[in-house]
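S.K.: File name query03.txt; file contents compact mmCIF, C-alpha atoms and all ligand atoms; full text below.
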# COMPACT_ATOMS: atom_id res chain seq x y z
CA MET L 1 69.61 117.42 117.57
CA ALA L 2 68.24 119.28 114.57
CA GLU L 3 65.74 117.75 112.19
CA PRO L 4 67.30 115.53 109.57
CA ALA L 5 67.50 117.08 106.13
CA PRO L 6 64.92 115.88 103.60
CA PRO L 7 66.39 113.29 101.27
CA SER L 8 67.88 114.98 98.24
CA LYS L 9 65.98 114.43 95.02
CA THR L 10 68.91 113.87 92.76
CA HIS L 11 71.21 111.58 94.76
CA MET L 12 74.10 113.18 92.91
CA PRO L 13 77.29 112.97 94.91
CA ARG L 14 78.00 116.26 96.63
CA LYS L 15 80.82 118.39 95.31
CA THR L 16 84.17 117.78 96.91
CA VAL L 17 85.86 120.77 98.47
CA GLN L 18 88.43 120.62 95.69
CA GLU L 19 85.65 120.92 93.06
CA LEU L 20 84.15 123.80 94.98
CA VAL L 21 87.49 125.61 94.90
CA LEU L 22 87.94 124.93 91.17
CA SER L 23 84.44 126.22 90.36
CA GLY L 24 85.38 129.62 91.78
CA GLU L 25 82.00 129.84 93.55
CA GLU L 26 81.61 131.71 96.80
CA ILE L 27 81.97 129.60 99.95
CA PRO L 28 78.53 128.01 100.54
CA GLY L 29 76.85 129.13 103.75
CA ASN L 30 76.94 125.69 105.31
CA TYR L 31 80.74 125.86 105.60
CA ILE L 32 80.66 129.11 107.60
CA GLN L 33 81.11 128.99 111.39
CA LYS L 34 78.16 130.72 113.07
CA ASP L 35 80.16 131.42 116.22
CA ARG L 36 80.53 135.20 116.32
CA ASN L 37 84.10 135.07 117.54
CA GLY L 38 85.17 133.31 114.37
CA VAL L 39 88.20 131.08 114.20
CA ASP L 40 91.25 132.12 116.20
CA LEU L 41 94.37 131.35 114.20
CA ASP L 42 96.76 133.12 116.51
CA VAL L 43 96.93 130.77 119.50
CA PRO L 44 99.93 129.73 121.63
CA LEU L 45 102.05 126.71 120.79
CA ALA L 46 101.28 123.47 122.68
CA GLU L 47 104.37 122.20 124.45
CA ILE L 48 103.66 118.58 123.76
CA PRO L 49 106.31 116.21 125.13
CA VAL L 50 108.56 114.37 122.68
CA VAL L 51 109.14 110.73 123.57
CA ASN L 52 111.85 108.43 122.29
CA LEU L 53 110.32 105.08 121.30
CA THR L 54 113.51 103.04 121.62
CA SER L 55 113.98 103.92 125.29
CA LEU L 56 110.28 104.01 126.17
CA SER L 57 110.14 100.58 127.76
CA THR L 58 113.37 100.92 129.74
CA SER L 59 113.70 104.55 130.77
CA LYS L 60 111.83 105.71 133.84
CA GLU L 61 112.21 109.28 132.67
CA GLU L 62 110.56 108.59 129.30
CA LEU L 63 107.70 106.75 131.02
CA GLU L 64 107.10 109.68 133.36
CA LYS L 65 107.08 112.03 130.40
CA LEU L 66 104.57 109.77 128.67
CA GLN L 67 102.30 109.58 131.69
CA SER L 68 102.31 113.33 132.16
CA ALA L 69 101.69 113.94 128.44
CA LEU L 70 98.73 111.56 128.30
CA SER L 71 97.06 112.91 131.40
CA SER L 72 97.46 116.59 130.51
CA TRP L 73 97.63 117.22 126.75
CA GLY L 74 96.38 113.79 125.70
CA TYR L 75 99.06 113.91 123.01
CA PHE L 76 102.75 113.14 122.63
CA GLN L 77 105.16 113.17 119.72
CA VAL L 78 107.15 110.02 119.17
CA ILE L 79 110.60 109.92 117.56
CA ASN L 80 112.99 107.03 116.83
CA HIS L 81 110.02 104.93 115.73
CA GLY L 82 112.03 103.21 113.02
CA ILE L 83 109.91 104.32 110.04
CA SER L 84 112.27 105.67 107.41
CA PHE L 85 109.68 106.39 104.71
CA LEU L 86 107.35 109.01 106.18
CA ASP L 87 108.04 111.33 103.24
CA GLU L 88 106.96 108.62 100.81
CA VAL L 89 103.71 108.22 102.76
CA ARG L 90 103.14 111.96 102.52
CA GLU L 91 104.02 111.95 98.83
CA VAL L 92 101.54 109.23 97.77
CA THR L 93 98.86 110.99 99.84
CA LYS L 94 99.44 114.23 97.91
CA GLN L 95 99.56 112.39 94.60
CA PHE L 96 96.26 110.64 95.24
CA PHE L 97 94.43 113.88 96.01
CA LYS L 98 95.95 115.52 92.90
CA LEU L 99 94.32 112.93 90.63
CA PRO L 100 91.30 114.07 88.57
CA GLU L 101 88.02 113.83 90.52
CA GLU L 102 86.80 111.21 88.09
CA GLU L 103 89.71 108.90 89.01
CA LYS L 104 89.24 109.44 92.76
CA ARG L 105 85.53 108.75 92.49
CA LYS L 106 86.34 105.17 91.53
CA TYR L 107 86.98 104.78 95.25
CA SER L 108 83.88 106.66 96.45
CA ARG L 109 82.45 105.68 99.81
CA GLU L 110 79.23 103.69 99.68
CA ALA L 111 76.11 104.97 101.45
CA ASP L 112 76.60 103.10 104.73
CA GLY L 113 80.28 102.33 104.55
CA VAL L 114 83.30 103.71 106.32
CA ASP L 115 85.87 102.98 103.64
CA GLY L 116 86.27 105.15 100.59
CA TYR L 117 86.67 108.65 99.20
CA GLY L 118 84.28 111.44 100.13
CA ASN L 119 83.48 114.14 102.62
CA ASP L 120 81.10 114.52 105.52
CA LYS L 121 77.58 113.24 105.07
CA ILE L 122 74.93 115.88 105.50
CA ILE L 123 72.46 114.70 108.09
CA SER L 124 70.96 118.01 109.17
CA GLU L 125 70.45 121.43 107.63
CA GLN L 126 72.15 123.08 110.59
CA GLN L 127 75.31 121.03 110.18
CA ILE L 128 78.45 123.04 109.49
CA LEU L 129 80.65 121.27 106.96
CA ASP L 130 84.37 120.63 107.14
CA TRP L 131 86.75 122.06 104.54
CA THR L 132 88.36 118.73 103.73
CA ASP L 133 88.21 115.83 101.29
CA GLN L 134 89.00 112.43 102.76
CA LEU L 135 89.92 108.88 101.91
CA TYR L 136 89.23 106.23 104.57
CA ILE L 137 90.75 102.75 104.33
CA THR L 138 90.63 99.83 106.77
CA ILE L 139 94.24 98.67 106.89
CA SER L 140 94.30 96.09 109.69
CA PRO L 141 93.59 93.23 110.28
CA GLU L 142 94.50 92.17 106.79
CA ASP L 143 91.39 90.02 106.32
CA GLN L 144 89.17 93.06 106.77
CA ARG L 145 90.82 95.00 103.98
CA ARG L 146 88.62 95.86 101.01
CA LEU L 147 91.04 96.30 98.20
CA LYS L 148 88.57 98.07 95.95
CA PHE L 149 89.05 101.15 98.14
CA TRP L 150 92.86 100.98 97.94
CA PRO L 151 94.00 103.37 95.19
CA GLU L 152 95.94 101.80 92.34
CA ASN L 153 97.21 105.21 91.45
CA PRO L 154 99.84 106.40 92.35
CA LYS L 155 101.45 103.06 91.63
CA SER L 156 103.25 102.66 94.93
CA PHE L 157 100.25 103.65 97.09
CA ARG L 158 99.23 100.13 98.11
CA ASP L 159 102.74 98.90 98.89
CA ILE L 160 103.60 101.95 100.93
CA LEU L 161 100.34 101.78 102.88
CA HIS L 162 100.91 98.08 103.54
CA ASP L 163 104.46 98.69 104.81
CA TYR L 164 103.25 101.60 106.93
CA THR L 165 100.55 99.36 108.46
CA ILE L 166 103.10 96.71 109.50
CA LYS L 167 105.23 99.34 111.21
CA LEU L 168 102.28 100.89 113.00
CA GLU L 169 101.10 97.50 114.28
CA MET L 170 104.47 97.08 116.00
CA ILE L 171 104.50 100.62 117.33
CA THR L 172 101.00 100.38 118.82
CA GLU L 173 102.05 97.34 120.82
CA VAL L 174 105.03 99.17 122.29
CA ILE L 175 102.88 102.20 123.07
CA PHE L 176 100.06 100.29 124.77
CA LYS L 177 102.58 98.45 126.93
CA ALA L 178 104.30 101.69 127.85
CA MET L 179 100.97 103.33 128.66
CA ALA L 180 100.30 100.53 131.15
CA LYS L 181 103.81 100.67 132.58
CA SER L 182 103.60 104.42 133.02
CA LEU L 183 100.72 103.84 135.47
CA ASN L 184 102.56 100.98 137.20
CA LEU L 185 100.12 98.47 135.75
CA GLU L 186 100.77 95.05 134.33
CA ASP L 187 102.22 95.45 130.77
CA ASN L 188 99.31 93.87 128.90
CA CYS L 189 96.32 95.36 130.68
CA PHE L 190 95.44 97.78 127.87
CA LEU L 191 96.58 95.43 125.12
CA ASP L 192 94.30 92.68 126.46
CA GLN L 193 91.29 94.96 126.02
CA TYR L 194 92.52 96.33 122.71
CA GLY L 195 92.42 92.68 121.72
CA LYS L 196 93.64 90.50 118.93
CA GLU L 197 90.97 91.67 116.51
CA ALA L 198 91.89 95.33 116.77
CA THR L 199 91.01 97.40 113.72
CA MET L 200 93.12 100.15 112.25
CA ILE L 201 91.51 102.65 109.92
CA ALA L 202 93.59 105.09 107.91
CA GLY L 203 92.02 108.50 107.35
CA PHE L 204 93.78 110.54 104.67
CA ASN L 205 92.86 114.23 104.84
CA PHE L 206 93.31 116.87 102.18
CA TYR L 207 92.61 120.47 103.19
CA PRO L 208 92.51 122.74 100.11
CA LYS L 209 93.45 126.39 100.39
CA CYS L 210 90.55 128.34 101.83
CA PRO L 211 89.98 132.06 101.20
CA ARG L 212 88.43 132.61 104.66
CA PRO L 213 90.34 130.79 107.43
CA ASP L 214 88.70 133.20 109.88
CA LEU L 215 85.27 131.69 109.07
CA VAL L 216 85.84 128.11 107.93
CA LEU L 217 87.31 125.08 109.72
CA GLY L 218 89.12 122.12 108.18
CA LEU L 219 87.69 119.85 110.88
CA LYS L 220 85.19 120.92 113.54
CA PRO L 221 86.13 120.44 117.22
CA HIS L 222 85.85 116.73 118.11
CA THR L 223 87.49 113.93 120.04
CA ASP L 224 88.53 110.68 118.38
CA ALA L 225 86.61 107.49 119.21
CA ALA L 226 89.63 105.20 118.90
CA ALA L 227 91.93 104.02 121.68
CA ILE L 228 94.79 105.95 120.16
CA THR L 229 95.23 107.88 116.93
CA ILE L 230 98.56 107.98 115.14
CA LEU L 231 98.80 111.17 113.16
CA LEU L 232 101.29 111.90 110.43
CA GLN L 233 101.17 115.64 109.97
CA ASP L 234 102.00 117.67 106.90
CA LYS L 235 105.72 118.39 106.95
CA GLU L 236 105.37 122.13 106.44
CA VAL L 237 101.84 123.34 107.02
CA GLU L 238 100.41 123.63 110.53
CA GLY L 239 96.68 123.45 111.15
CA LEU L 240 95.90 121.19 114.08
CA GLN L 241 94.79 122.88 117.31
CA LEU L 242 93.91 121.25 120.59
CA GLN L 243 92.08 122.36 123.64
CA LYS L 244 93.45 122.23 127.17
CA ASP L 245 91.87 123.95 130.19
CA ASN L 246 89.42 125.74 127.84
CA GLN L 247 92.19 127.31 125.81
CA TRP L 248 93.21 126.50 122.23
CA PHE L 249 96.82 125.67 121.35
CA LYS L 250 98.42 124.90 118.02
CA VAL L 251 100.31 121.66 117.59
CA PRO L 252 103.89 122.12 116.37
CA ILE L 253 105.30 120.16 113.45
CA ILE L 254 108.22 117.83 114.01
CA PRO L 255 108.78 116.42 110.50
CA GLU L 256 110.28 113.09 111.60
CA ALA L 257 107.80 112.50 114.44
CA LEU L 258 104.43 110.80 114.68
CA LEU L 259 101.86 112.52 116.85
CA ILE L 260 100.01 110.09 119.11
CA GLY L 261 96.67 111.15 120.55
CA VAL L 262 94.48 109.60 123.23
CA GLY L 263 90.98 108.75 121.99
CA ASP L 264 87.79 108.22 123.98
CA THR L 265 88.43 104.47 124.26
CA ALA L 266 91.75 104.93 126.07
CA GLU L 267 90.16 107.55 128.31
CA ILE L 268 87.57 104.91 129.26
CA MET L 269 90.14 102.12 129.79
CA SER L 270 92.27 104.39 131.99
CA ASN L 271 89.21 105.40 134.05
CA GLY L 272 89.67 109.00 132.96
CA ILE L 273 93.37 109.33 133.82
CA PHE L 274 94.35 109.69 130.18
CA LYS L 275 92.56 112.57 128.46
CA SER L 276 90.92 112.35 125.06
CA PRO L 277 91.51 115.93 123.90
CA VAL L 278 89.12 118.05 121.88
CA HIS L 279 90.92 119.11 118.71
CA LYS L 280 90.15 120.83 115.41
CA VAL L 281 91.88 121.79 112.18
CA VAL L 282 92.06 125.37 110.91
CA THR L 283 92.35 126.27 107.23
CA ASN L 284 95.00 128.25 105.42
CA SER L 285 94.59 130.74 102.57
CA GLU L 286 98.13 130.30 101.23
CA ARG L 287 98.84 126.61 101.46
CA GLU L 288 96.98 123.34 101.17
CA ARG L 289 97.62 120.71 103.83
CA ILE L 290 97.57 116.93 104.06
CA SER L 291 97.55 114.58 107.05
CA LEU L 292 97.11 110.89 107.70
CA ALA L 293 95.30 109.84 110.87
CA VAL L 294 95.35 106.13 111.74
CA PHE L 295 92.60 105.26 114.23
CA CYS L 296 93.37 102.19 116.37
CA HIS L 297 90.10 100.66 117.62
CA PRO L 298 89.67 97.58 119.82
CA GLY L 299 88.02 94.63 118.08
CA SER L 300 84.24 95.04 117.97
CA ASN L 301 83.72 91.95 120.18
CA GLU L 302 86.07 93.13 122.92
CA GLU L 303 84.50 94.49 126.07
CA ILE L 304 86.29 97.60 127.20
CA GLY L 305 86.01 99.46 130.49
CA PRO L 306 88.13 100.98 133.21
CA VAL L 307 90.98 98.65 134.20
CA ASP L 308 90.08 97.22 137.64
CA THR L 309 93.27 98.37 139.33
CA LEU L 310 92.46 101.97 138.38
CA VAL L 311 89.18 101.87 140.27
CA ASP L 312 89.18 102.37 144.04
CA GLU L 313 87.50 104.45 146.71
CA SER L 314 89.46 107.58 145.89
CA ARG L 315 88.86 107.05 142.18
CA PRO L 316 85.42 105.55 141.55
CA ARG L 317 84.54 103.91 138.27
CA LEU L 318 83.72 106.71 135.80
CA TYR L 319 82.65 104.70 132.75
CA LYS L 320 80.47 101.71 132.01
CA LYS L 321 81.77 98.65 130.24
CA VAL L 322 81.04 98.85 126.52
CA LYS L 323 81.42 96.93 123.32
CA ASN L 324 81.89 98.60 119.99
CA TYR L 325 82.38 102.12 121.31
CA ALA L 326 82.87 103.38 117.73
CA ASP L 327 79.15 102.69 117.09
CA ILE L 328 78.13 104.48 120.28
CA TYR L 329 80.32 107.39 119.22
CA PHE L 330 78.59 107.76 115.84
CA GLN L 331 75.11 107.26 117.29
CA ASN L 332 75.83 110.12 119.68
CA PHE L 333 77.20 112.34 116.90
CA GLY L 334 80.77 112.27 118.18
CA HIS L 335 81.94 112.88 114.62
CA LEU L 336 79.81 116.04 114.60
CA GLY L 337 81.50 117.36 117.69
CA LYS L 338 79.16 116.15 120.45
CA ARG L 339 80.76 114.68 123.58
CA ALA L 340 79.83 111.07 122.84
CA ILE L 341 81.81 109.75 125.82
CA ASP L 342 79.18 111.27 128.14
CA ALA L 343 76.82 108.53 126.93
CA VAL L 344 78.93 105.89 128.73
CA LYS L 345 79.57 107.85 131.93
CA ILE L 346 78.26 106.32 135.14
C1 LIG L 401 91.14 113.49 112.49
C2 LIG L 401 92.01 114.60 112.91
C3 LIG L 401 93.89 116.04 112.42
C4 LIG L 401 94.66 116.58 111.27
O1 LIG L 401 91.25 113.07 111.31
O2 LIG L 401 90.35 113.01 113.33
O3 LIG L 401 91.83 115.10 113.98
O4 LIG L 401 95.66 117.26 111.52
N1 LIG L 401 92.96 115.04 112.05
O5 LIG L 401 94.28 116.37 110.13
NI NI L 402 90.61 113.81 115.22
Produce structure tokens that represent the structure in this file.

M.R.:
Amino acid sequence: MAEPAPPSKTHMPRKTVQELVLSGEEIPGNYIQKDRNGVDLDVPLAEIPVVNLTSLSTSKEELEKLQSALSSWGYFQVINHGISFLDEVREVTKQFFKLPEEEKRKYSREADGVDGYGNDKIISEQQILDWTDQLYITISPEDQRRLKFWPENPKSFRDILHDYTIKLEMITEVIFKAMAKSLNLEDNCFLDQYGKEATMIAGFNFYPKCPRPDLVLGLKPHTDAAAITILLQDKEVEGLQLQKDNQWFKVPIIPEALLIGVGDTAEIMSNGIFKSPVHKVVTNSERERISLAVFCHPGSNEEIGPVDTLVDESRPRLYKKVKNYADIYFQNFGHLGKRAIDAVKI
């Protein structure tokens, strides 16, 4: 790991990407990918399976599709999830990011916090920055919410996010049960580890237009620490790419679907059967893009590890038991693209 950057003298908050764009300055060097091949925008489409949530627990065919999706792509799209207001969620996201910087800064992230408005912390001079401004909010359990980070503007933001949370809590339960069923395991084996104190964190992303998509990434390649991530994509603008067998693919948009991704924690619980895919976001010179990623983490007191029935002589235990994997992930720079899961390999 590179040397940490000297503490800045001014402690002024760093410019957001939106301010950078408005200032008309050239793209600062620390946003430019040093990789000589640049960013490949022209990659094949990922044929990610589409799963129907209403028949997921009863249809053998849907369960097989799910199992194959999770162990190859590490992603599936889910339809018939019963959420009728996805466009409203997208709309309040856009409206929040359109507010003046001064208004958004009321919700600025604190130095050591997760929740709040900001962009990536600079911890080394070599770090390449992401072309995105973000708002992170803990949405579940309700008693861990910190309302001061919940925008009051637009007016309906809080209500819509609350309603969305309730729906996602129900959907995650169905999905974890189906994940177990798809491996012929007892229904609750993943849910038991995910626990009653599970935490859901909403990450709202805004990717401004970028004049050099060939040189700048919206998000650097990374895996997610969570058990699963529920991603609401922009309805019109693509940008997410994922890696499979060392090749990049772009993720198609299905406007009415949620994209569910395996995170490192589910890879650990499944003893490596489910794949936590490396993914990144490319930028776009013509259009800005929004997305909302909800990260579903087990409670910090829950011990997670490979489910016993997935460990045998032909499939030895691949991962140690861990608590609070999200901390391990950050300590090992998972958010900066390092393979943090290697730290818990046996
Ligand atoms: C993330 C992420 C994808 C996207 O926030 O971890 O991968 O499309 N987002 O914004
Ligand atoms: Ni991600």

S.K.: Using only C-alpha atoms, which protein or nucleic acid residues come within 8 Å of Pro44 in chain L? Drop anything in the same chain fewer than 4 positions from it, and give the result as a ChimeraX atom specification.

M.R.: /L:248-250

S.K.: I'd like a table as a Markdown table: residues in chain L with an atom no more than 7 Å from ligand NI 402 (chain L), each row giving the shortest atom pair and its distance in Å to one decimal, only C-alpha atoms and all ligand atoms counted, sorted by chain and rising residue number.

M.R.:
| residue | atom | partner | partner_atom | distance |
| --- | --- | --- | --- | --- |
| L:His222 | CA | L:NI402 | NI | 6.3 |
| L:Thr223 | CA | L:NI402 | NI | 5.7 |
| L:Asp224 | CA | L:NI402 | NI | 4.9 |
| L:His279 | CA | L:NI402 | NI | 6.4 |

S.K.: So what do you get for CA of Gln33 in chain L versus CA of Pro221 in chain L, distance-wise?

M.R.: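 A separation of 11.5 Å between them.
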
S.K.: Quick one: everything within 6 Å of Ile201 in chain L, counting all atoms listed in the file, minus sequence neighbours fewer than 5 positions away in the same chain. Send it as a list in words.

M.R.: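 Answer for this query is Ile137, Thr138, Ile139, Val294 and Phe295 of chain L.
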
S.K.: So the first atom is CA of Gly24 in chain L and the second is CA of Gly337 in chain L; what is the distance between them in Å, to one decimal place?

M.R.: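 So the answer is 28.9 Å.
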
S.K.: Determine, using only C-alpha atoms and all ligand atoms, which residues of chain L have any atom at most 10 Å from an atom of ligand LIG 401 (chain L), and tabulate each with its shortest atom pair and distance in Å to one decimal place, rows ordered by chain and then rising number, as a tab-separated table.

M.R.:
residue	atom	partner	partner_atom	distance
L:Thr132	CA	L:LIG401	O5	9.0
L:Gln134	CA	L:LIG401	O1	8.9
L:Tyr136	CA	L:LIG401	O1	9.8
L:Ala202	CA	L:LIG401	O1	9.0
L:Gly203	CA	L:LIG401	O1	6.1
L:Phe204	CA	L:LIG401	O1	7.5
L:Asn205	CA	L:LIG401	O5	5.9
L:Phe206	CA	L:LIG401	O5	8.0
L:Tyr207	CA	L:LIG401	O5	8.2
L:Gly218	CA	L:LIG401	O5	8.0
L:Leu219	CA	L:LIG401	O3	7.0
L:Lys220	CA	L:LIG401	O3	8.8
L:Pro221	CA	L:LIG401	O3	8.5
L:His222	CA	L:LIG401	O3	7.4
L:Thr223	CA	L:LIG401	O2	7.4
L:Asp224	CA	L:LIG401	O2	5.9
L:Ala225	CA	L:LIG401	O2	8.9
L:Ala226	CA	L:LIG401	O2	9.6
L:Thr229	CA	L:LIG401	O2	7.9
L:Ile230	CA	L:LIG401	N1	9.5
L:Leu231	CA	L:LIG401	C3	7.0
L:Leu232	CA	L:LIG401	O4	7.8
L:Gln233	CA	L:LIG401	O4	5.9
L:Asp234	CA	L:LIG401	O4	7.9
L:Val237	CA	L:LIG401	O4	9.8
L:Glu238	CA	L:LIG401	O4	8.0
L:Gly239	CA	L:LIG401	O4	6.3
L:Leu240	CA	L:LIG401	O4	4.7
L:Gln241	CA	L:LIG401	O4	8.1
L:Leu242	CA	L:LIG401	O3	9.3
L:Val251	CA	L:LIG401	O4	8.8
L:Leu259	CA	L:LIG401	O4	9.5
L:Gly261	CA	L:LIG401	O3	9.1
L:Gly263	CA	L:LIG401	O2	9.7
L:Pro277	CA	L:LIG401	O3	10.0
L:Val278	CA	L:LIG401	O3	8.9
L:His279	CA	L:LIG401	O3	6.3
L:Lys280	CA	L:LIG401	O3	6.1
L:Val281	CA	L:LIG401	O4	5.9
L:Val282	CA	L:LIG401	O4	8.9
L:Arg289	CA	L:LIG401	O5	8.3
L:Ile290	CA	L:LIG401	O5	6.9
L:Ser291	CA	L:LIG401	O5	4.8
L:Leu292	CA	L:LIG401	O5	6.6
L:Ala293	CA	L:LIG401	O1	5.2
L:Val294	CA	L:LIG401	O1	8.1
L:Phe295	CA	L:LIG401	O2	8.1
L:His335	CA	L:LIG401	O2	8.5

S.K.: Rank L:Lys177, L:Lys209, L:Lys275, L:Lys235 by their smallest atom-to-atom distance to Glu256 in chain L, using all atoms listed in the file, and report the top residue only.

M.R.: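 Residue with the minimum atom-to-atom distance to Glu256 in chain L: L:Lys235.
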
S.K.: With only C-alpha atoms as the basis for distance, which of L:Val114, L:Leu86, L:Met179, L:Leu310 is at the shortest distance from Ala69 in chain L?

M.R.: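 Among the listed residues, the smallest separation from Ala69 in chain L belongs to L:Met179.
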
S.K.: Could you work out an axis-aligned bounding box for all listed atoms of range 243-255 of chain L, with 6 Å added on each of the six sides, and give its centre and edge lengths in Å to one decimal, as AutoDock Vina command-line options?

M.R.:
--center_x 99.1 --center_y 121.9 --center_z 120.3 --size_x 31.4 --size_y 22.9 --size_z 31.7

S.K.: Could you list, as a list in words, every residue within 7 Å of Leu70 in chain L, counting only C-alpha atoms and ignoring same-chain residues fewer than 4 positions away?

M.R.: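 Contacts, in chain order: Leu66, Gly74, Tyr75, Val262, Phe274 and Lys275 of chain L.
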
S.K.: Which residues are close to Ala180 in chain L, i.e. within 9 Å by only C-alpha atoms, leaving aside same-chain residues fewer than 4 positions away? Reply as an mmCIF file with C-alpha atoms, in the frame of the given file.

M.R.:
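Just written: selection26.cif:
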data_model
loop_
_atom_site.group_PDB
_atom_site.id
_atom_site.type_symbol
_atom_site.label_atom_id
_atom_site.label_comp_id
_atom_site.auth_asym_id
_atom_site.auth_seq_id
_atom_site.Cartn_x
_atom_site.Cartn_y
_atom_site.Cartn_z
ATOM 1 C CA ILE L 175 102.880 102.200 123.070
ATOM 2 C CA PHE L 176 100.060 100.290 124.770
ATOM 3 C CA ASN L 184 102.560 100.980 137.200
ATOM 4 C CA LEU L 185 100.120 98.470 135.750
ATOM 5 C CA GLU L 186 100.770 95.050 134.330
ATOM 6 C CA ASP L 187 102.220 95.450 130.770
ATOM 7 C CA ASN L 188 99.310 93.870 128.900
ATOM 8 C CA CYS L 189 96.320 95.360 130.680
ATOM 9 C CA PHE L 190 95.440 97.780 127.870
ATOM 10 C CA LEU L 191 96.580 95.430 125.120
ATOM 11 C CA SER L 270 92.270 104.390 131.990
#

S.K.: For Pro28 in chain L, find every residue with an atom within 10 Å (counting only C-alpha atoms), except residues of its own chain fewer than 4 positions away, and show them as a ChimeraX atom specification.

M.R.: /L:20,32,129

S.K.: Can you measure CA of Pro306 in chain L to CA of Ser276 in chain L for me? One decimal in Å is fine.

M.R.: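 Calculated distance between CA of Pro306 in chain L and CA of Ser276 in chain L is 14.3 Å.
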
S.K.: Go through L:Arg109, L:Arg315, L:Arg287, L:Lys244 and flag the residue nearest Lys121 in chain L, using all atoms listed in the file for the distances.

M.R.: L:Arg109

S.K.: Rank L:Asn80, L:Pro211, L:Ile273, L:Glu47 by their smallest atom-to-atom distance to Glu25 in chain L, using all atoms listed in the file, and report the top residue only.

M.R.: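 The closest residue to Glu25 in chain L is L:Pro211.
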
S.K.: Pick from L:Asp245, L:Ser84, L:Pro255, L:Thr16: nearest to Leu135 in chain L, with all atoms listed in the file counted?

M.R.: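 Selected residue with least distance to Leu135 in chain L: L:Thr16.
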
S.K.: With all atoms listed in the file as the basis for distance, which of L:Val216, L:Leu63, L:Ile48, L:Thr283 is at the shortest distance from Lys34 in chain L?

M.R.: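 Using all atoms listed in the file, the shortest distance to Lys34 in chain L belongs to L:Val216.
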